[in-house]
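**Q** The structure that follows is given in the form of structure tokens.
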Amino acid sequence: LQAGVAVSGSTATSTDSFSGECGGAGGVDDTYRLTLTERSRVRCRVDGFADWVLHARSECEDFESEVGCAAAVPLRLLADAGTLFISVDGHARNNKGDYELLCEVVPVPAVENGANLCAAAQTFELIAGQDSPVDVDLLSAPEQTPGLCLGTGPEAVYSFELAEDSYIQASSGSSVYISFLDECARGATCTATSAARLSAGTHYLVAQGRRALDFTRQTINVTSTPVAPLCEAAVL
């Protein structure tokens, strides 16, 4: 298995060789070898048959060496240099078929000191009255000490411009916290849902994994509504 390169397979004629703590007992499976040259973040996902399970071990035939397991969600783990044995499994006997497996690998980023976090912010266009999608990918994002958010996971910062005073809101998945900032200031309270009234100018969206393993990828839809039209429609 090569990092970053999807591999196609099928468990239609496979046998039940392994299972993980989160599932796979009775399901048939295929196992792949992934070699890491340094301590890395690993994120694997499967597209294909329903109710799949991914589990990883550091020793192929040693069930006690399991380092990660995920059922129907991406498998994310931190692993030292060496070999991982990653199994594509079915949750039960009838869960099998064609699939595509992709594992992404990046060296664990050095913990940064939190200085100039917004200087390298990625930009996105915010269109008033529409959902503006932001593709948040924390796989390569460093942990910050201290960071903009108060959590401990990897953190990424995105900047946007407002032409006029606006109400801004967005929601994220359960593994990512977000916050809107009008200044690049640390100590923000980041939650799964964030809303703010911001003045015209440059602002920031900060996204942080809730835990060290939450280097997830997801699309966050940001909406903005100018303040003036809302007030014009107010009942007198």
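Please note that chains go A, B, ... in the order of the structure tokens, that every chain numbers its residues from 1, and that ligands are numbered from 1 in the order shown.
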Find the residues around A:Gln130 up to 10 Å (only C-alpha atoms counted), leave out those fewer than 6 positions away in its own chain, and share them as a list in words.
**A**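 The residues satisfying every condition are Asn221, Val222, Thr223, Ser224 and Thr225 of chain A.
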**Q** Would you export the selected residues with N, CA and C atoms as a PDB file, in the first residue's frame, please?
**A**
```
ATOM      1  N   ASN A 221     -19.819  25.155   5.950  1.00  0.00           N
ATOM      2  CA  ASN A 221     -20.545  26.183   5.208  1.00  0.00           C
ATOM      3  C   ASN A 221     -20.724  27.419   6.084  1.00  0.00           C
ATOM      4  N   VAL A 222     -20.191  28.528   5.599  1.00  0.00           N
ATOM      5  CA  VAL A 222     -20.272  29.796   6.313  1.00  0.00           C
ATOM      6  C   VAL A 222     -21.308  30.674   5.617  1.00  0.00           C
ATOM      7  N   THR A 223     -22.225  31.250   6.380  1.00  0.00           N
ATOM      8  CA  THR A 223     -23.232  32.141   5.815  1.00  0.00           C
ATOM      9  C   THR A 223     -23.080  33.532   6.418  1.00  0.00           C
ATOM     10  N   SER A 224     -23.380  34.526   5.605  1.00  0.00           N
ATOM     11  CA  SER A 224     -23.320  35.914   6.080  1.00  0.00           C
ATOM     12  C   SER A 224     -24.569  36.661   5.637  1.00  0.00           C
ATOM     13  N   THR A 225     -25.068  37.502   6.507  1.00  0.00           N
ATOM     14  CA  THR A 225     -26.240  38.335   6.209  1.00  0.00           C
ATOM     15  C   THR A 225     -25.910  39.772   6.603  1.00  0.00           C
TER      16      THR A 225
END
```
**Q** Neighbours of stretch 194-206 of chain A within 6 Å (only C-alpha atoms; same-chain residues fewer than 3 positions away dropped), as a list in words?
**A**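 Counting only the stated atoms, we get Ala156, Val157, Tyr158, Ser159, Phe160, Glu161, Leu162, Ala163, Glu164, Asp165, Ser166, Tyr167, Ile168, Gln169, Ala170, Ile178, Ser179, Phe180, Leu181 and Asp182 of chain A.
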**Q** Which residue out of A:Thr83, A:Gln122, A:Ser40, A:Thr35 has the minimum interatomic distance to A:Arg57 when only C-alpha atoms are used?
**A**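 Comparing A:Thr83, A:Gln122, A:Ser40, A:Thr35 against A:Arg57, the winner is A:Thr83.
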**Q** Show me a table, sorted first by chain and then by increasing residue number, of the residues of stretch 52-140 of chain A having an atom at most 8 Å from stretch 20-31 of chain A, each with its shortest atom pair and the distance in Å to one decimal, counting only C-alpha atoms and written as JSON lines.
**A**
```
{"residue": "A:Val53", "atom": "CA", "partner": "A:Gly24", "partner_atom": "CA", "distance": 6.2}
{"residue": "A:Leu54", "atom": "CA", "partner": "A:Gly20", "partner_atom": "CA", "distance": 7.8}
{"residue": "A:His55", "atom": "CA", "partner": "A:Gly20", "partner_atom": "CA", "distance": 5.6}
{"residue": "A:Phe63", "atom": "CA", "partner": "A:Gly20", "partner_atom": "CA", "distance": 7.8}
{"residue": "A:Glu66", "atom": "CA", "partner": "A:Gly20", "partner_atom": "CA", "distance": 7.5}
{"residue": "A:Cys69", "atom": "CA", "partner": "A:Cys22", "partner_atom": "CA", "distance": 5.8}
{"residue": "A:Ala70", "atom": "CA", "partner": "A:Cys22", "partner_atom": "CA", "distance": 6.3}
{"residue": "A:Ala71", "atom": "CA", "partner": "A:Cys22", "partner_atom": "CA", "distance": 6.4}
{"residue": "A:Phe85", "atom": "CA", "partner": "A:Thr31", "partner_atom": "CA", "distance": 6.4}
{"residue": "A:Ile86", "atom": "CA", "partner": "A:Thr31", "partner_atom": "CA", "distance": 5.5}
{"residue": "A:Ser87", "atom": "CA", "partner": "A:Thr31", "partner_atom": "CA", "distance": 4.1}
{"residue": "A:Val88", "atom": "CA", "partner": "A:Asp30", "partner_atom": "CA", "distance": 5.3}
{"residue": "A:Asp89", "atom": "CA", "partner": "A:Asp29", "partner_atom": "CA", "distance": 4.2}
{"residue": "A:Gly90", "atom": "CA", "partner": "A:Gly27", "partner_atom": "CA", "distance": 4.4}
{"residue": "A:His91", "atom": "CA", "partner": "A:Gly24", "partner_atom": "CA", "distance": 4.4}
{"residue": "A:Ala92", "atom": "CA", "partner": "A:Gly27", "partner_atom": "CA", "distance": 4.5}
{"residue": "A:Arg93", "atom": "CA", "partner": "A:Gly27", "partner_atom": "CA", "distance": 4.3}
{"residue": "A:Asn94", "atom": "CA", "partner": "A:Gly27", "partner_atom": "CA", "distance": 7.2}
{"residue": "A:Asn95", "atom": "CA", "partner": "A:Gly27", "partner_atom": "CA", "distance": 6.6}
{"residue": "A:Lys96", "atom": "CA", "partner": "A:Val28", "partner_atom": "CA", "distance": 6.9}
```
**Q** Please write the residues from the selection above to a file, keeping N, CA, C and O atoms, as a PDB file, in the first residue's frame.
**A**
```pdb
ATOM      1  N   VAL A  53     -15.263  -1.965   8.024  1.00  0.00           N
ATOM      2  CA  VAL A  53     -14.461  -1.690   9.215  1.00  0.00           C
ATOM      3  C   VAL A  53     -12.996  -1.630   8.796  1.00  0.00           C
ATOM      4  O   VAL A  53     -12.540  -2.434   7.970  1.00  0.00           O
ATOM      5  N   LEU A  54     -12.263  -0.674   9.326  1.00  0.00           N
ATOM      6  CA  LEU A  54     -10.815  -0.587   9.125  1.00  0.00           C
ATOM      7  C   LEU A  54     -10.132  -0.792  10.473  1.00  0.00           C
ATOM      8  O   LEU A  54     -10.504  -0.153  11.462  1.00  0.00           O
ATOM      9  N   HIS A  55      -9.127  -1.690  10.522  1.00  0.00           N
ATOM     10  CA  HIS A  55      -8.337  -1.811  11.745  1.00  0.00           C
ATOM     11  C   HIS A  55      -6.876  -1.995  11.366  1.00  0.00           C
ATOM     12  O   HIS A  55      -6.538  -2.523  10.303  1.00  0.00           O
ATOM     13  N   PHE A  63      -3.129  -9.822  17.474  1.00  0.00           N
ATOM     14  CA  PHE A  63      -4.309  -8.991  17.690  1.00  0.00           C
ATOM     15  C   PHE A  63      -4.069  -7.949  18.779  1.00  0.00           C
ATOM     16  O   PHE A  63      -4.694  -6.885  18.786  1.00  0.00           O
ATOM     17  N   GLU A  66      -2.995  -4.126  17.969  1.00  0.00           N
ATOM     18  CA  GLU A  66      -3.874  -3.177  17.285  1.00  0.00           C
ATOM     19  C   GLU A  66      -3.609  -1.750  17.770  1.00  0.00           C
ATOM     20  O   GLU A  66      -3.535  -1.481  18.966  1.00  0.00           O
ATOM     21  N   CYS A  69      -8.868   1.393  15.184  1.00  0.00           N
ATOM     22  CA  CYS A  69     -10.012   0.702  14.579  1.00  0.00           C
ATOM     23  C   CYS A  69     -11.107   1.734  14.338  1.00  0.00           C
ATOM     24  O   CYS A  69     -11.336   2.620  15.172  1.00  0.00           O
ATOM     25  N   ALA A  70     -11.768   1.640  13.190  1.00  0.00           N
ATOM     26  CA  ALA A  70     -12.841   2.573  12.851  1.00  0.00           C
ATOM     27  C   ALA A  70     -13.897   1.842  12.043  1.00  0.00           C
ATOM     28  O   ALA A  70     -13.572   1.085  11.131  1.00  0.00           O
ATOM     29  N   ALA A  71     -15.149   2.068  12.382  1.00  0.00           N
ATOM     30  CA  ALA A  71     -16.263   1.409  11.697  1.00  0.00           C
ATOM     31  C   ALA A  71     -17.042   2.437  10.890  1.00  0.00           C
ATOM     32  O   ALA A  71     -17.693   3.324  11.455  1.00  0.00           O
ATOM     33  N   PHE A  85      -0.138  -2.928   9.461  1.00  0.00           N
ATOM     34  CA  PHE A  85      -0.944  -3.883   8.701  1.00  0.00           C
ATOM     35  C   PHE A  85      -2.398  -3.430   8.825  1.00  0.00           C
ATOM     36  O   PHE A  85      -2.983  -3.474   9.912  1.00  0.00           O
ATOM     37  N   ILE A  86      -2.955  -2.967   7.717  1.00  0.00           N
ATOM     38  CA  ILE A  86      -4.276  -2.354   7.697  1.00  0.00           C
ATOM     39  C   ILE A  86      -5.252  -3.296   7.003  1.00  0.00           C
ATOM     40  O   ILE A  86      -5.031  -3.703   5.854  1.00  0.00           O
ATOM     41  N   SER A  87      -6.314  -3.650   7.694  1.00  0.00           N
ATOM     42  CA  SER A  87      -7.295  -4.601   7.177  1.00  0.00           C
ATOM     43  C   SER A  87      -8.589  -3.891   6.807  1.00  0.00           C
ATOM     44  O   SER A  87      -9.124  -3.098   7.590  1.00  0.00           O
ATOM     45  N   VAL A  88      -9.072  -4.188   5.600  1.00  0.00           N
ATOM     46  CA  VAL A  88     -10.402  -3.779   5.168  1.00  0.00           C
ATOM     47  C   VAL A  88     -11.333  -4.945   5.483  1.00  0.00           C
ATOM     48  O   VAL A  88     -11.176  -6.038   4.934  1.00  0.00           O
ATOM     49  N   ASP A  89     -12.277  -4.729   6.364  1.00  0.00           N
ATOM     50  CA  ASP A  89     -13.090  -5.810   6.907  1.00  0.00           C
ATOM     51  C   ASP A  89     -14.571  -5.476   6.741  1.00  0.00           C
ATOM     52  O   ASP A  89     -14.946  -4.322   6.515  1.00  0.00           O
ATOM     53  N   GLY A  90     -15.408  -6.496   6.861  1.00  0.00           N
ATOM     54  CA  GLY A  90     -16.844  -6.293   6.904  1.00  0.00           C
ATOM     55  C   GLY A  90     -17.344  -6.417   8.320  1.00  0.00           C
ATOM     56  O   GLY A  90     -16.833  -7.219   9.104  1.00  0.00           O
ATOM     57  N   HIS A  91     -18.323  -5.597   8.664  1.00  0.00           N
ATOM     58  CA  HIS A  91     -18.843  -5.649  10.035  1.00  0.00           C
ATOM     59  C   HIS A  91     -19.447  -7.015  10.344  1.00  0.00           C
ATOM     60  O   HIS A  91     -19.350  -7.516  11.465  1.00  0.00           O
ATOM     61  N   ALA A  92     -20.064  -7.631   9.352  1.00  0.00           N
ATOM     62  CA  ALA A  92     -20.662  -8.958   9.512  1.00  0.00           C
ATOM     63  C   ALA A  92     -20.421  -9.769   8.238  1.00  0.00           C
ATOM     64  O   ALA A  92     -19.868  -9.271   7.258  1.00  0.00           O
ATOM     65  N   ARG A  93     -20.836 -11.020   8.246  1.00  0.00           N
ATOM     66  CA  ARG A  93     -20.528 -11.942   7.155  1.00  0.00           C
ATOM     67  C   ARG A  93     -21.006 -11.435   5.798  1.00  0.00           C
ATOM     68  O   ARG A  93     -20.335 -11.620   4.786  1.00  0.00           O
ATOM     69  N   ASN A  94     -22.169 -10.779   5.756  1.00  0.00           N
ATOM     70  CA  ASN A  94     -22.717 -10.348   4.480  1.00  0.00           C
ATOM     71  C   ASN A  94     -22.189  -8.994   4.012  1.00  0.00           C
ATOM     72  O   ASN A  94     -22.557  -8.539   2.924  1.00  0.00           O
ATOM     73  N   ASN A  95     -21.359  -8.339   4.820  1.00  0.00           N
ATOM     74  CA  ASN A  95     -20.791  -7.042   4.430  1.00  0.00           C
ATOM     75  C   ASN A  95     -19.493  -7.272   3.670  1.00  0.00           C
ATOM     76  O   ASN A  95     -18.416  -7.406   4.253  1.00  0.00           O
ATOM     77  N   LYS A  96     -19.592  -7.296   2.368  1.00  0.00           N
ATOM     78  CA  LYS A  96     -18.429  -7.546   1.520  1.00  0.00           C
ATOM     79  C   LYS A  96     -18.703  -7.008   0.123  1.00  0.00           C
ATOM     80  O   LYS A  96     -19.834  -6.668  -0.217  1.00  0.00           O
TER      81      LYS A  96
END
```
**Q** List as a PyMOL selection string the protein and nucleic acid residues near stretch 108-112 of chain A, meaning an atom at most 6 Å away when only C-alpha atoms are counted, but skip any in the same chain fewer than 5 places from it.
**A** chain A and resi 40-41+142-144
**Q** Got a sec: who's within 7 Å of A:Ala81, counting only C-alpha atoms, leaving out chain neighbours fewer than 5 positions off, as a PyMOL selection string?
**A** chain A and resi 36-39
**Q** Could you write out that same residue set with all heavy atoms as an mmCIF file, in the first residue's frame?
**A**
```cif
data_model
loop_
_atom_site.group_PDB
_atom_site.id
_atom_site.type_symbol
_atom_site.label_atom_id
_atom_site.label_comp_id
_atom_site.auth_asym_id
_atom_site.auth_seq_id
_atom_site.Cartn_x
_atom_site.Cartn_y
_atom_site.Cartn_z
ATOM 1 N N LEU A 36 6.007 3.149 7.160
ATOM 2 C CA LEU A 36 6.244 4.534 7.574
ATOM 3 C C LEU A 36 7.729 4.731 7.846
ATOM 4 O O LEU A 36 8.350 3.906 8.520
ATOM 5 C CB LEU A 36 5.441 4.860 8.837
ATOM 6 C CG LEU A 36 3.934 4.606 8.790
ATOM 7 C CD1 LEU A 36 3.309 4.923 10.139
ATOM 8 C CD2 LEU A 36 3.288 5.414 7.692
ATOM 9 N N THR A 37 8.291 5.815 7.342
ATOM 10 C CA THR A 37 9.713 6.089 7.530
ATOM 11 C C THR A 37 9.985 6.977 8.740
ATOM 12 O O THR A 37 11.132 7.132 9.152
ATOM 13 C CB THR A 37 10.298 6.754 6.278
ATOM 14 O OG1 THR A 37 9.583 7.970 6.012
ATOM 15 C CG2 THR A 37 10.180 5.825 5.069
ATOM 16 N N GLU A 38 8.921 7.563 9.311
ATOM 17 C CA GLU A 38 9.060 8.413 10.499
ATOM 18 C C GLU A 38 7.712 8.480 11.207
ATOM 19 O O GLU A 38 6.683 8.032 10.680
ATOM 20 C CB GLU A 38 9.533 9.814 10.109
ATOM 21 C CG GLU A 38 8.629 10.511 9.103
ATOM 22 C CD GLU A 38 9.220 11.816 8.607
ATOM 23 O OE1 GLU A 38 9.686 12.610 9.456
ATOM 24 O OE2 GLU A 38 9.234 12.036 7.383
ATOM 25 N N ARG A 39 7.708 9.018 12.409
ATOM 26 C CA ARG A 39 6.453 9.143 13.146
ATOM 27 C C ARG A 39 5.493 10.000 12.332
ATOM 28 O O ARG A 39 5.854 11.096 11.881
ATOM 29 C CB ARG A 39 6.686 9.750 14.521
ATOM 30 C CG ARG A 39 5.411 9.873 15.362
ATOM 31 C CD ARG A 39 5.712 10.151 16.814
ATOM 32 N NE ARG A 39 4.515 10.405 17.597
ATOM 33 C CZ ARG A 39 3.685 9.451 18.017
ATOM 34 N NH1 ARG A 39 3.932 8.187 17.746
ATOM 35 N NH2 ARG A 39 2.602 9.753 18.727
#
```
**Q** Using only C-alpha atoms, which of A:Ala120, A:Leu101, A:Ala228, A:Leu148 sits nearest A:Ala207?
**A**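 Of A:Ala120, A:Leu101, A:Ala228, A:Leu148, the one nearest A:Ala207 is A:Leu148, counting only C-alpha atoms.
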**Q** Enter the distance from atom CA of A:Gly151 to atom CA of A:Ala56, in Å, rounded to one decimal.
**A**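 Separating atom CA of A:Gly151 from atom CA of A:Ala56 is a distance of 27.1 Å.
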**Q** Do you have the atom CA of A:Arg43-atom CA of A:Gly9 distance handy?
**A**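 Here the two named atoms are 18.4 Å from each other.
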**Q** Counting only C-alpha atoms, figure out which residue out of A:Ser65, A:Thr11, A:Ser132, A:Ser58 gets nearest to A:Tyr99.
**A**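 Once distances to A:Tyr99 are computed over only C-alpha atoms, the minimum belongs to A:Thr11.
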**Q** Once DSSP has gone over the backbone, tell me which residues of stretch 43-179 of chain A are in strand (DSSP E), as a ChimeraX atom specification.
**A** /A:43-48,52-57,66-71,75-79,82-90,98-107,122-123,131-137,155-162,166-171,176-179
**Q** Interatomic distance between atom CA of A:Val106 and atom CA of A:Ala141?
**A** 10.0 Å
**Q** Between A:Leu78, A:Val176, A:Ala3, A:Val73, which residue has the minimum interatomic distance to A:Asp137, considering only C-alpha atoms?
**A** A:Val176
